[in-house]
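**Student:** Contents of run_5.cif (mmCIF, C-alpha atoms and all ligand atoms):
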```
data_my_file
#
loop_
_atom_site.label_atom_id
_atom_site.label_comp_id
_atom_site.auth_asym_id
_atom_site.auth_seq_id
_atom_site.Cartn_x
_atom_site.Cartn_y
_atom_site.Cartn_z
CA MET A 1 0.00 0.00 0.00
CA ARG A 2 1.28 3.44 -0.96
CA ILE A 3 1.22 6.18 1.65
CA GLU A 4 1.10 9.73 0.31
CA ARG A 5 1.14 12.99 2.22
CA GLU A 6 1.81 15.44 -0.61
CA LEU A 7 -0.38 16.22 -3.60
CA GLU A 8 2.40 15.45 -6.11
CA GLY A 9 2.65 11.84 -4.91
CA LEU A 10 -1.11 11.36 -4.90
CA ARG A 11 -1.46 12.84 -8.40
CA ALA A 12 1.36 10.65 -9.75
CA ALA A 13 -0.36 7.49 -8.49
CA THR A 14 -3.91 8.35 -9.54
CA GLY A 15 -2.71 9.81 -12.86
CA ALA A 16 -0.95 6.54 -13.70
CA TRP A 17 -4.06 4.55 -12.76
CA ARG A 18 -6.27 6.73 -14.93
CA ALA A 19 -3.84 6.47 -17.86
CA ALA A 20 -4.04 2.69 -17.52
CA GLY A 21 -7.86 2.86 -17.61
CA ARG A 22 -8.26 1.81 -13.99
CA ARG A 23 -11.37 2.86 -12.08
CA ILE A 24 -10.60 4.69 -8.82
CA ALA A 25 -12.67 4.52 -5.62
CA LEU A 26 -12.31 6.91 -2.70
CA VAL A 27 -13.24 6.28 0.93
CA PRO A 28 -13.04 9.55 2.89
CA THR A 29 -12.47 9.10 6.65
CA MET A 30 -11.20 10.92 9.72
CA GLY A 31 -9.26 7.87 10.91
CA ALA A 32 -9.52 5.87 14.16
CA LEU A 33 -10.77 3.21 11.78
CA HIS A 34 -13.26 0.53 12.81
CA ALA A 35 -15.21 -2.22 11.06
CA GLY A 36 -17.67 0.34 9.62
CA HIS A 37 -14.88 2.12 7.75
CA LEU A 38 -13.42 -1.20 6.62
CA ALA A 39 -16.80 -2.24 5.17
CA LEU A 40 -16.61 0.90 3.01
CA VAL A 41 -13.11 -0.07 1.86
CA ALA A 42 -14.33 -3.58 1.00
CA GLU A 43 -17.20 -2.11 -1.06
CA ALA A 44 -14.76 0.26 -2.76
CA ARG A 45 -12.62 -2.76 -3.67
CA ARG A 46 -15.63 -4.41 -5.31
CA ARG A 47 -16.53 -1.30 -7.30
CA ALA A 48 -13.14 -0.17 -8.58
CA ASP A 49 -9.65 -1.29 -9.58
CA ALA A 50 -7.80 0.98 -7.20
CA VAL A 51 -8.87 2.13 -3.73
CA VAL A 52 -7.77 5.36 -2.07
CA THR A 53 -8.65 5.89 1.59
CA SER A 54 -8.16 9.37 2.95
CA ILE A 55 -7.51 10.05 6.62
CA PHE A 56 -7.90 13.70 7.50
CA VAL A 57 -9.36 15.17 10.68
CA ASN A 58 -10.86 18.18 8.97
CA PRO A 59 -10.61 21.32 11.13
CA LEU A 60 -13.14 23.12 8.91
CA GLN A 61 -16.00 20.84 9.99
CA PHE A 62 -15.44 21.28 13.73
CA LEU A 63 -16.94 24.30 15.48
CA PRO A 64 -14.95 26.25 18.06
CA GLY A 65 -15.16 24.34 21.35
CA GLU A 66 -15.91 20.98 19.71
CA ASP A 67 -13.73 17.89 20.07
CA LEU A 68 -11.13 18.57 17.32
CA ASP A 69 -8.23 18.30 19.79
CA ARG A 70 -9.70 15.23 21.49
CA TYR A 71 -10.70 13.45 18.28
CA PRO A 72 -9.16 9.92 18.44
CA ARG A 73 -6.07 9.44 16.26
CA ASP A 74 -4.16 6.21 15.55
CA GLU A 75 -2.22 6.49 12.33
CA ALA A 76 -0.12 3.33 12.75
CA GLY A 77 -3.18 1.22 13.64
CA ASP A 78 -5.18 2.72 10.77
CA LEU A 79 -2.47 1.98 8.20
CA ALA A 80 -2.22 -1.65 9.36
CA LYS A 81 -6.02 -2.05 9.01
CA LEU A 82 -6.03 -0.46 5.55
CA ARG A 83 -3.22 -2.73 4.35
CA GLU A 84 -5.15 -5.74 5.62
CA ALA A 85 -8.34 -4.51 3.89
CA GLY A 86 -6.61 -4.29 0.50
CA CYS A 87 -6.49 -0.51 0.21
CA ASP A 88 -4.04 0.62 -2.52
CA LEU A 89 -3.22 4.10 -1.32
CA ALA A 90 -3.58 5.90 2.01
CA TRP A 91 -3.95 9.65 1.46
CA LEU A 92 -2.83 11.54 4.57
CA PRO A 93 -2.74 15.24 3.78
CA THR A 94 -1.79 17.77 6.44
CA PRO A 95 -4.07 20.76 7.07
CA ALA A 96 -1.54 22.90 5.13
CA VAL A 97 -1.86 20.63 2.07
CA MET A 98 -5.65 20.71 2.28
CA TYR A 99 -5.91 24.43 3.08
CA PRO A 100 -2.78 26.19 1.79
CA PRO A 101 -2.13 29.72 3.04
CA GLY A 102 -4.59 32.09 1.39
CA ALA A 103 -7.24 29.42 0.76
CA ALA A 104 -10.51 31.33 0.46
CA THR A 105 -13.02 29.13 -1.36
CA VAL A 106 -15.65 26.97 0.32
CA ILE A 107 -18.67 24.95 -0.74
CA GLU A 108 -21.81 26.18 1.05
CA PRO A 109 -24.52 23.52 0.85
CA ALA A 110 -28.18 24.36 1.56
CA GLY A 111 -31.23 22.11 1.16
CA PRO A 112 -30.55 18.88 3.06
CA ALA A 113 -27.74 20.62 5.00
CA GLU A 114 -30.06 23.10 6.69
CA GLY A 115 -31.70 21.34 9.63
CA TRP A 116 -30.63 18.85 12.32
CA GLU A 117 -26.81 18.59 12.32
CA GLY A 118 -26.71 21.74 10.19
CA ALA A 119 -28.69 23.62 12.84
CA GLU A 120 -26.90 22.06 15.83
CA ARG A 121 -23.47 22.63 14.29
CA PRO A 122 -23.58 25.75 12.09
CA GLY A 123 -20.84 25.57 9.47
CA HIS A 124 -20.32 21.83 9.92
CA PHE A 125 -21.63 20.85 6.49
CA ARG A 126 -19.73 23.71 4.84
CA GLY A 127 -16.60 22.00 6.18
CA VAL A 128 -17.75 18.54 5.09
CA ALA A 129 -18.82 19.66 1.60
CA THR A 130 -15.63 21.64 1.08
CA VAL A 131 -13.26 18.88 2.15
CA CYS A 132 -15.13 16.17 0.24
CA THR A 133 -15.17 18.26 -2.94
CA LYS A 134 -11.43 18.83 -2.56
CA LEU A 135 -10.88 15.09 -2.00
CA PHE A 136 -12.94 14.25 -5.10
CA MET A 137 -10.87 16.67 -7.22
CA MET A 138 -7.53 15.66 -5.72
CA THR A 139 -8.05 11.93 -6.23
CA ARG A 140 -10.13 12.20 -9.43
CA ALA A 141 -12.16 9.29 -8.08
CA ASP A 142 -14.82 7.62 -10.23
CA VAL A 143 -16.76 6.53 -7.17
CA ALA A 144 -16.77 7.53 -3.49
CA VAL A 145 -18.17 5.32 -0.74
CA PHE A 146 -19.87 6.77 2.35
CA GLY A 147 -21.72 5.28 5.33
CA GLU A 148 -25.42 5.69 6.00
CA LYS A 149 -24.36 6.12 9.63
CA ASP A 150 -24.07 9.82 8.81
CA TRP A 151 -27.34 9.93 6.88
CA GLN A 152 -27.64 13.68 6.55
CA GLN A 153 -24.01 13.96 5.45
CA LEU A 154 -24.64 11.36 2.72
CA GLN A 155 -27.62 13.35 1.41
CA VAL A 156 -25.62 16.60 1.50
CA ILE A 157 -22.80 14.99 -0.49
CA ARG A 158 -25.25 13.60 -3.06
CA ARG A 159 -26.75 17.10 -3.43
CA VAL A 160 -23.33 18.77 -3.82
CA VAL A 161 -22.21 16.23 -6.43
CA ALA A 162 -25.44 16.68 -8.40
CA ASP A 163 -25.44 20.48 -8.12
CA LEU A 164 -21.78 20.88 -9.14
CA HIS A 165 -22.04 18.19 -11.85
CA LEU A 166 -19.07 16.39 -10.33
CA PRO A 167 -18.20 13.36 -12.45
CA LEU A 168 -18.33 10.66 -9.81
CA GLU A 169 -20.78 8.19 -8.37
CA ILE A 170 -21.73 8.30 -4.66
CA VAL A 171 -22.43 4.99 -2.95
CA GLY A 172 -23.99 4.71 0.52
CA LEU A 173 -23.57 1.62 2.71
CA PRO A 174 -25.73 0.47 5.66
CA THR A 175 -24.48 1.19 9.18
CA VAL A 176 -22.22 -1.41 10.76
CA ARG A 177 -23.19 -2.02 14.41
CA ASP A 178 -21.68 -3.52 17.52
CA THR A 179 -23.19 -6.73 18.90
CA ASP A 180 -25.57 -4.75 21.14
CA GLY A 181 -26.79 -2.64 18.22
CA LEU A 182 -24.79 0.55 18.87
CA ALA A 183 -23.61 2.06 15.57
CA LEU A 184 -19.81 1.84 15.37
CA SER A 185 -18.19 5.27 15.62
CA SER A 186 -14.68 6.51 16.27
CA ARG A 187 -16.14 8.60 19.10
CA ASN A 188 -17.52 5.52 20.93
CA GLN A 189 -14.08 4.93 22.44
CA ARG A 190 -14.51 8.21 24.33
CA LEU A 191 -17.68 6.94 26.07
CA ALA A 192 -17.26 6.33 29.81
CA PRO A 193 -17.91 2.63 30.65
CA GLU A 194 -21.28 3.38 32.30
CA HIS A 195 -22.32 5.40 29.24
CA ARG A 196 -21.14 2.71 26.83
CA ALA A 197 -23.27 0.20 28.75
CA ARG A 198 -26.34 2.43 28.23
CA ALA A 199 -25.65 3.61 24.68
CA ALA A 200 -27.47 0.78 22.87
CA ALA A 201 -30.74 2.15 24.24
CA LEU A 202 -30.60 4.66 21.37
CA PRO A 203 -30.82 2.11 18.51
CA ARG A 204 -33.31 0.06 20.58
CA ARG A 205 -35.60 3.10 20.88
CA LEU A 206 -35.28 3.78 17.15
CA ASP A 207 -36.22 0.17 16.33
CA ALA A 208 -39.22 0.31 18.68
CA LEU A 209 -40.27 3.61 17.13
CA ALA A 210 -40.02 2.21 13.60
CA ALA A 211 -42.14 -0.78 14.66
CA ALA A 212 -44.77 1.55 16.14
CA LEU A 213 -44.91 3.66 12.96
CA ALA A 214 -45.16 0.55 10.80
CA ALA A 215 -48.11 -0.52 12.96
CA GLY A 216 -49.91 2.74 12.23
CA ARG A 217 -49.21 4.65 15.47
CA PRO A 218 -49.40 8.45 14.94
CA ALA A 219 -45.84 9.77 14.48
CA GLY A 220 -46.14 12.80 16.79
CA ASP A 221 -47.16 10.71 19.80
CA ALA A 222 -44.62 7.96 19.15
CA LEU A 223 -41.77 10.48 18.73
CA ALA A 224 -42.67 12.40 21.90
CA GLU A 225 -42.80 9.18 23.90
CA ALA A 226 -39.42 8.00 22.55
CA ARG A 227 -37.78 11.38 23.32
CA ALA A 228 -39.09 11.23 26.89
CA ALA A 229 -37.91 7.63 27.26
CA LEU A 230 -34.39 8.52 26.05
CA ALA A 231 -34.24 11.49 28.42
CA ALA A 232 -35.31 9.21 31.28
CA GLU A 233 -32.49 6.84 30.29
CA GLY A 234 -29.95 9.65 30.74
CA PHE A 235 -29.57 10.91 27.15
CA GLY A 236 -29.44 14.58 26.27
CA VAL A 237 -31.58 14.44 23.14
CA ASP A 238 -30.55 17.06 20.56
CA TYR A 239 -33.17 15.80 18.10
CA LEU A 240 -35.20 12.72 17.26
CA ALA A 241 -37.19 13.21 14.09
CA LEU A 242 -39.01 11.55 11.24
CA VAL A 243 -37.88 12.99 7.90
CA VAL A 244 -38.08 12.65 4.14
CA PRO A 245 -34.99 10.52 3.40
CA GLU A 246 -33.37 12.60 0.62
CA THR A 247 -34.27 16.17 1.65
CA LEU A 248 -34.30 15.77 5.44
CA ALA A 249 -37.52 17.81 5.47
CA PRO A 250 -39.87 16.90 8.34
CA TRP A 251 -42.14 14.04 7.30
CA PRO A 252 -45.54 15.47 6.28
CA GLY A 253 -48.25 14.55 8.80
CA GLY A 254 -50.61 11.84 7.62
CA GLN A 255 -48.43 10.73 4.72
CA THR A 256 -47.74 7.05 4.12
CA GLY A 257 -44.39 5.86 2.73
CA GLU A 258 -40.68 5.28 3.31
CA ALA A 259 -39.26 7.80 5.78
CA ARG A 260 -36.08 8.00 7.87
CA LEU A 261 -35.78 8.25 11.63
CA ILE A 262 -32.77 10.36 12.59
CA ALA A 263 -31.39 11.04 16.06
CA ALA A 264 -28.58 12.83 17.86
CA ALA A 265 -28.23 12.31 21.59
CA ARG A 266 -25.50 12.98 24.14
CA LEU A 267 -24.15 10.72 26.87
CA GLY A 268 -21.66 12.71 28.93
CA ASP A 269 -19.71 14.79 26.40
CA VAL A 270 -20.02 12.24 23.57
CA ARG A 271 -22.64 12.85 20.89
CA LEU A 272 -24.15 9.76 19.31
CA LEU A 273 -25.77 9.89 15.87
CA ASP A 274 -28.02 7.18 14.53
CA ASN A 275 -30.73 6.68 11.91
CA ILE A 276 -32.82 3.88 10.46
CA PRO A 277 -35.40 3.51 7.69
CA ALA A 278 -39.03 3.72 8.80
CA ARG A 279 -42.16 2.73 6.89
CA VAL A 280 -44.97 5.07 7.92
CA LEU A 281 -48.50 3.70 7.77
CA ALA A 282 -50.51 6.51 9.38
P1 LIG B 1 -15.69 9.33 9.91
O1 LIG B 1 -14.31 8.80 9.94
O2 LIG B 1 -16.47 9.10 11.17
O3 LIG B 1 -15.78 10.74 9.39
O4 LIG B 1 -16.48 8.45 8.84
C1 LIG B 1 -15.95 8.20 7.58
C2 LIG B 1 -16.96 7.42 6.77
O5 LIG B 1 -17.25 6.21 7.44
C3 LIG B 1 -18.30 8.16 6.61
O6 LIG B 1 -18.80 7.92 5.30
C4 LIG B 1 -19.14 7.51 7.66
O7 LIG B 1 -20.53 7.58 7.38
C5 LIG B 1 -18.65 6.09 7.59
N1 LIG B 1 -18.98 5.36 8.82
C6 LIG B 1 -18.70 5.75 10.09
N2 LIG B 1 -19.20 4.86 10.95
C7 LIG B 1 -19.82 3.89 10.22
C8 LIG B 1 -20.54 2.70 10.53
N3 LIG B 1 -20.74 2.31 11.80
N4 LIG B 1 -21.01 1.96 9.50
C9 LIG B 1 -20.83 2.34 8.22
N5 LIG B 1 -20.16 3.45 7.86
C10 LIG B 1 -19.66 4.22 8.84
#
```
I need this file expressed as structure tokens, please.
**Tutor:**
Amino acid sequence: MRIERELEGLRAATGAWRAAGRRIALVPTMGALHAGHLALVAEARRRADAVVTSIFVNPLQFLPGEDLDRYPRDEAGDLAKLREAGCDLAWLPTPAVMYPPGAATVIEPAGPAEGWEGAERPGHFRGVATVCTKLFMMTRADVAVFGEKDWQQLQVIRRVVADLHLPLEIVGLPTVRDTDGLALSSRNQRLAPEHRARAAALPRRLDALAAALAAGRPAGDALAEARAALAAEGFGVDYLALVVPETLAPWPGGQTGEARLIAAARLGDVRLLDNIPARVLA
């Protein structure tokens, strides 16, 4: 596996692949890799001839006071996992490579970026959209693989790629979970043991909520009850909502169809995100 930290090296590798007619897949990550990330790498392997995984803890998507400095980092461990997973190139740019002095251009997504995480973390999706667009251009990937774990992020990226006519395909993969149902996340390792023991209540509540909606229970009542139950279980609930999957708009009352349940909830100072599909009968 090649390891590149400078744009020249990355461009040499991907340029040679393109000249040889090889299809390139990109898996963007912030490192501290777990089985969820590695599932994306495996899918990238299936869909392309050459796989680039980027590891970059993107300062632009963290707000002041967020966990940028405490974000878990394990470069040696990550590289070993990527080698094992059959990744061809690890792209490890520094902040100065990604944002050279004088950098002044950003991508400002609206639409699906506006509510939920976009409202809780103003500027977050500007950072995500900007870094992903840069990664797409830098690697000249034909396909990029993302996790449904960050559902809103996936919809924002799809919107940006469509709106800017970027010539690549975006693939979303289902969330990989721990044995108790908790969605794998690099931030889980920062959960205190008592919080980790309680964390699977979040996906359990989502599953119960989806079952209630599928049985025809009115969404407003079921959501309010689930929020109260999570609060009683010690979660600080930032939001728990039923939305239109692609736009993230609130699900219209009384409408039947395929919706998405999305949630963000805090245990201690760790924020957990989760989401699942939900068939609404009401
Ligand atoms: P991150 O390193 O957390 O920024 O995530 C990098 C990519 O991995 C994103 O596309 C995430 O949605 C995806 N990802 C993170 N956790 C999971 C998971 N548990 N299952 C599937 N994909 C995931």
**Student:** Check which residues of chain A sit at most 8 Å from ligand LIG 1 (chain B) using only C-alpha atoms and all ligand atoms, and return one row each with the closest pair of atoms and their distance in Å to one decimal, ordered by chain and rising number, as a tab-separated table.
**Tutor:**
```
residue	atom	partner	partner_atom	distance
A:Val27	CA	B:LIG1	C2	7.0
A:Pro28	CA	B:LIG1	C1	5.7
A:Thr29	CA	B:LIG1	C1	3.7
A:Met30	CA	B:LIG1	O1	3.8
A:Gly31	CA	B:LIG1	O1	5.2
A:Ala32	CA	B:LIG1	O1	7.0
A:Leu33	CA	B:LIG1	O1	6.9
A:His34	CA	B:LIG1	N2	7.6
A:Ala35	CA	B:LIG1	N3	7.2
A:Gly36	CA	B:LIG1	N4	3.7
A:His37	CA	B:LIG1	O5	4.7
A:Ala39	CA	B:LIG1	C9	6.8
A:Leu40	CA	B:LIG1	N5	6.5
A:Ile55	CA	B:LIG1	O1	7.7
A:Val57	CA	B:LIG1	O3	7.9
A:Val145	CA	B:LIG1	O6	6.6
A:Phe146	CA	B:LIG1	O6	3.3
A:Gly147	CA	B:LIG1	O7	3.3
A:Glu148	CA	B:LIG1	O7	5.4
A:Lys149	CA	B:LIG1	O7	4.7
A:Asp150	CA	B:LIG1	O7	4.4
A:Trp151	CA	B:LIG1	O7	7.2
A:Gln153	CA	B:LIG1	O7	7.5
A:Leu154	CA	B:LIG1	O6	7.3
A:Gly172	CA	B:LIG1	O6	7.8
A:Leu173	CA	B:LIG1	C9	6.2
A:Pro174	CA	B:LIG1	C9	5.8
A:Thr175	CA	B:LIG1	N4	3.6
A:Val176	CA	B:LIG1	N4	3.8
A:Arg177	CA	B:LIG1	N3	5.6
A:Ala183	CA	B:LIG1	N3	4.7
A:Leu184	CA	B:LIG1	N3	3.7
A:Ser185	CA	B:LIG1	N2	4.8
A:Ser186	CA	B:LIG1	O2	6.0
A:Arg187	CA	B:LIG1	O2	8.0
```
**Student:** Skipping near chain neighbours, those fewer than 2 positions away, what residues fall within 12 Å of Ala197 in chain A using only C-alpha atoms, listed as a ChimeraX atom specification?
**Tutor:** /A:178,180-182,188,191-195,199-202,233-234,267
**Student:** Output C-alpha atoms of each residue in that selection to a file, as an mmCIF file, in the coordinates of the input.
**Tutor:**
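Now in out_6.cif:
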```cif
data_model
loop_
_atom_site.group_PDB
_atom_site.id
_atom_site.type_symbol
_atom_site.label_atom_id
_atom_site.label_comp_id
_atom_site.auth_asym_id
_atom_site.auth_seq_id
_atom_site.Cartn_x
_atom_site.Cartn_y
_atom_site.Cartn_z
ATOM 1 C CA ASP A 178 -21.680 -3.520 17.520
ATOM 2 C CA ASP A 180 -25.570 -4.750 21.140
ATOM 3 C CA GLY A 181 -26.790 -2.640 18.220
ATOM 4 C CA LEU A 182 -24.790 0.550 18.870
ATOM 5 C CA ASN A 188 -17.520 5.520 20.930
ATOM 6 C CA LEU A 191 -17.680 6.940 26.070
ATOM 7 C CA ALA A 192 -17.260 6.330 29.810
ATOM 8 C CA PRO A 193 -17.910 2.630 30.650
ATOM 9 C CA GLU A 194 -21.280 3.380 32.300
ATOM 10 C CA HIS A 195 -22.320 5.400 29.240
ATOM 11 C CA ALA A 199 -25.650 3.610 24.680
ATOM 12 C CA ALA A 200 -27.470 0.780 22.870
ATOM 13 C CA ALA A 201 -30.740 2.150 24.240
ATOM 14 C CA LEU A 202 -30.600 4.660 21.370
ATOM 15 C CA GLU A 233 -32.490 6.840 30.290
ATOM 16 C CA GLY A 234 -29.950 9.650 30.740
ATOM 17 C CA LEU A 267 -24.150 10.720 26.870
#
```
**Student:** Any idea what the distance is between CA of Trp116 in chain A and CA of Leu63 in chain A?
**Tutor:**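 Taking CA of Trp116 in chain A as the start and CA of Leu63 in chain A as the end point, the length is 15.1 Å.
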**Student:** Give as a JSON list (two decimals) with C-alpha atoms, in the frame of the given file every residue, naming chains and numbers as the document does, that has an atom within 12 Å of (-27.0, 21.2, -0.9), counting only C-alpha atoms.
**Tutor:**
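This went into part32.json:
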```
[["chain", "number", "residue", "atom", "x", "y", "z"],
["A", 107, "ILE", "CA", -18.67, 24.95, -0.74],
["A", 108, "GLU", "CA", -21.81, 26.18, 1.05],
["A", 109, "PRO", "CA", -24.52, 23.52, 0.85],
["A", 110, "ALA", "CA", -28.18, 24.36, 1.56],
["A", 111, "GLY", "CA", -31.23, 22.11, 1.16],
["A", 112, "PRO", "CA", -30.55, 18.88, 3.06],
["A", 113, "ALA", "CA", -27.74, 20.62, 5.00],
["A", 114, "GLU", "CA", -30.06, 23.10, 6.69],
["A", 115, "GLY", "CA", -31.70, 21.34, 9.63],
["A", 118, "GLY", "CA", -26.71, 21.74, 10.19],
["A", 125, "PHE", "CA", -21.63, 20.85, 6.49],
["A", 126, "ARG", "CA", -19.73, 23.71, 4.84],
["A", 128, "VAL", "CA", -17.75, 18.54, 5.09],
["A", 129, "ALA", "CA", -18.82, 19.66, 1.60],
["A", 130, "THR", "CA", -15.63, 21.64, 1.08],
["A", 152, "GLN", "CA", -27.64, 13.68, 6.55],
["A", 153, "GLN", "CA", -24.01, 13.96, 5.45],
["A", 154, "LEU", "CA", -24.64, 11.36, 2.72],
["A", 155, "GLN", "CA", -27.62, 13.35, 1.41],
["A", 156, "VAL", "CA", -25.62, 16.60, 1.50],
["A", 157, "ILE", "CA", -22.80, 14.99, -0.49],
["A", 158, "ARG", "CA", -25.25, 13.60, -3.06],
["A", 159, "ARG", "CA", -26.75, 17.10, -3.43],
["A", 160, "VAL", "CA", -23.33, 18.77, -3.82],
["A", 161, "VAL", "CA", -22.21, 16.23, -6.43],
["A", 162, "ALA", "CA", -25.44, 16.68, -8.40],
["A", 163, "ASP", "CA", -25.44, 20.48, -8.12],
["A", 164, "LEU", "CA", -21.78, 20.88, -9.14],
["A", 246, "GLU", "CA", -33.37, 12.60, 0.62],
["A", 247, "THR", "CA", -34.27, 16.17, 1.65],
["A", 248, "LEU", "CA", -34.30, 15.77, 5.44]]
```
**Student:** Measuring atom to atom with all atoms listed in the file, identify which of A:Arg217, A:Leu223, A:Gly253, A:Pro203 is nearest to Asn275 in chain A.
**Tutor:** A:Pro203
**Student:** Could you list, as a list in words, every residue within 9 Å of Leu240 in chain A, counting only C-alpha atoms and ignoring same-chain residues fewer than 4 positions away?
**Tutor:**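 So the residues in contact are Leu206, Leu223, Ala224, Ala226, Arg227, Leu261, Ile262, Ala263, Ala264 and Ala265 of chain A.
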**Student:** Interatomic distance between CA of Ala212 in chain A and CA of Leu281 in chain A?
**Tutor:**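 Calculated distance between CA of Ala212 in chain A and CA of Leu281 in chain A is 9.4 Å.
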**Student:** Please indicate the distance in Å from CA of Leu79 in chain A to CA of Val41 in chain A, rounded to one decimal place.
**Tutor:** 12.6 Å
**Student:** With only C-alpha atoms as the counted atoms, please give the residues lying no more than 10 Å from Pro277 in chain A, apart from itself and same-chain residues fewer than 4 positions off, as an NGL selection string.
**Tutor:** :A and (206-207 or 210 or 242-243 or 245 or 258-262)
**Student:** With all atoms listed in the file as the counted atoms, please give the residues lying no more than 12 Å from range 7-16 of chain A, apart from itself and same-chain residues fewer than 2 positions off, as an mmCIF file with C-alpha atoms, in the coordinates of the input.
**Tutor:**
```cif
data_model
loop_
_atom_site.group_PDB
_atom_site.id
_atom_site.type_symbol
_atom_site.label_atom_id
_atom_site.label_comp_id
_atom_site.auth_asym_id
_atom_site.auth_seq_id
_atom_site.Cartn_x
_atom_site.Cartn_y
_atom_site.Cartn_z
ATOM 1 C CA MET A 1 0.000 0.000 0.000
ATOM 2 C CA ARG A 2 1.280 3.440 -0.960
ATOM 3 C CA ILE A 3 1.220 6.180 1.650
ATOM 4 C CA GLU A 4 1.100 9.730 0.310
ATOM 5 C CA ARG A 5 1.140 12.990 2.220
ATOM 6 C CA ARG A 18 -6.270 6.730 -14.930
ATOM 7 C CA ALA A 19 -3.840 6.470 -17.860
ATOM 8 C CA ALA A 20 -4.040 2.690 -17.520
ATOM 9 C CA GLY A 21 -7.860 2.860 -17.610
ATOM 10 C CA ARG A 22 -8.260 1.810 -13.990
ATOM 11 C CA ARG A 23 -11.370 2.860 -12.080
ATOM 12 C CA ILE A 24 -10.600 4.690 -8.820
ATOM 13 C CA ALA A 25 -12.670 4.520 -5.620
ATOM 14 C CA LEU A 26 -12.310 6.910 -2.700
ATOM 15 C CA ASP A 49 -9.650 -1.290 -9.580
ATOM 16 C CA ALA A 50 -7.800 0.980 -7.200
ATOM 17 C CA VAL A 51 -8.870 2.130 -3.730
ATOM 18 C CA VAL A 52 -7.770 5.360 -2.070
ATOM 19 C CA THR A 53 -8.650 5.890 1.590
ATOM 20 C CA SER A 54 -8.160 9.370 2.950
ATOM 21 C CA ASP A 88 -4.040 0.620 -2.520
ATOM 22 C CA LEU A 89 -3.220 4.100 -1.320
ATOM 23 C CA ALA A 90 -3.580 5.900 2.010
ATOM 24 C CA TRP A 91 -3.950 9.650 1.460
ATOM 25 C CA LEU A 92 -2.830 11.540 4.570
ATOM 26 C CA PRO A 93 -2.740 15.240 3.780
ATOM 27 C CA THR A 94 -1.790 17.770 6.440
ATOM 28 C CA ALA A 96 -1.540 22.900 5.130
ATOM 29 C CA VAL A 97 -1.860 20.630 2.070
ATOM 30 C CA MET A 98 -5.650 20.710 2.280
ATOM 31 C CA TYR A 99 -5.910 24.430 3.080
ATOM 32 C CA PRO A 100 -2.780 26.190 1.790
ATOM 33 C CA LYS A 134 -11.430 18.830 -2.560
ATOM 34 C CA LEU A 135 -10.880 15.090 -2.000
ATOM 35 C CA PHE A 136 -12.940 14.250 -5.100
ATOM 36 C CA MET A 137 -10.870 16.670 -7.220
ATOM 37 C CA MET A 138 -7.530 15.660 -5.720
ATOM 38 C CA THR A 139 -8.050 11.930 -6.230
ATOM 39 C CA ARG A 140 -10.130 12.200 -9.430
ATOM 40 C CA ALA A 141 -12.160 9.290 -8.080
ATOM 41 C CA ASP A 142 -14.820 7.620 -10.230
#
```
**Student:** From the list A:Pro59, A:Arg70, A:Ala85, A:Arg271, which residue is nearest Phe235 in chain A when using all atoms listed in the file?
**Tutor:**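 Nearest candidate to Phe235 in chain A out of A:Pro59, A:Arg70, A:Ala85, A:Arg271: A:Arg271.
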**Student:** Let me know the centre plus edge lengths, in Å and rounded to one decimal, of a box with edges along x, y and z that contains all listed atoms of range 126-145 of chain A and is padded by 8 Å on every side, as AutoDock Vina command-line options.
**Tutor:**
```
--center_x -13.6 --center_y 14.5 --center_z -2.0 --size_x 28.2 --size_y 34.4 --size_z 32.4
```
**Student:** Using all atoms listed in the file, which residue out of A:Ala42, A:Val270, A:Cys132, A:Cys87 lies closest to Arg196 in chain A?
**Tutor:**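 Answer, going by the shortest atom-to-atom distance: A:Val270.
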**Student:** Under the rule that all atoms listed in the file are counted, which of A:Gly220, A:Thr179, A:Trp251, A:Thr133 is the nearest residue to His165 in chain A?
**Tutor:**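 The shortest atom-to-atom distance to His165 in chain A comes from A:Thr133.
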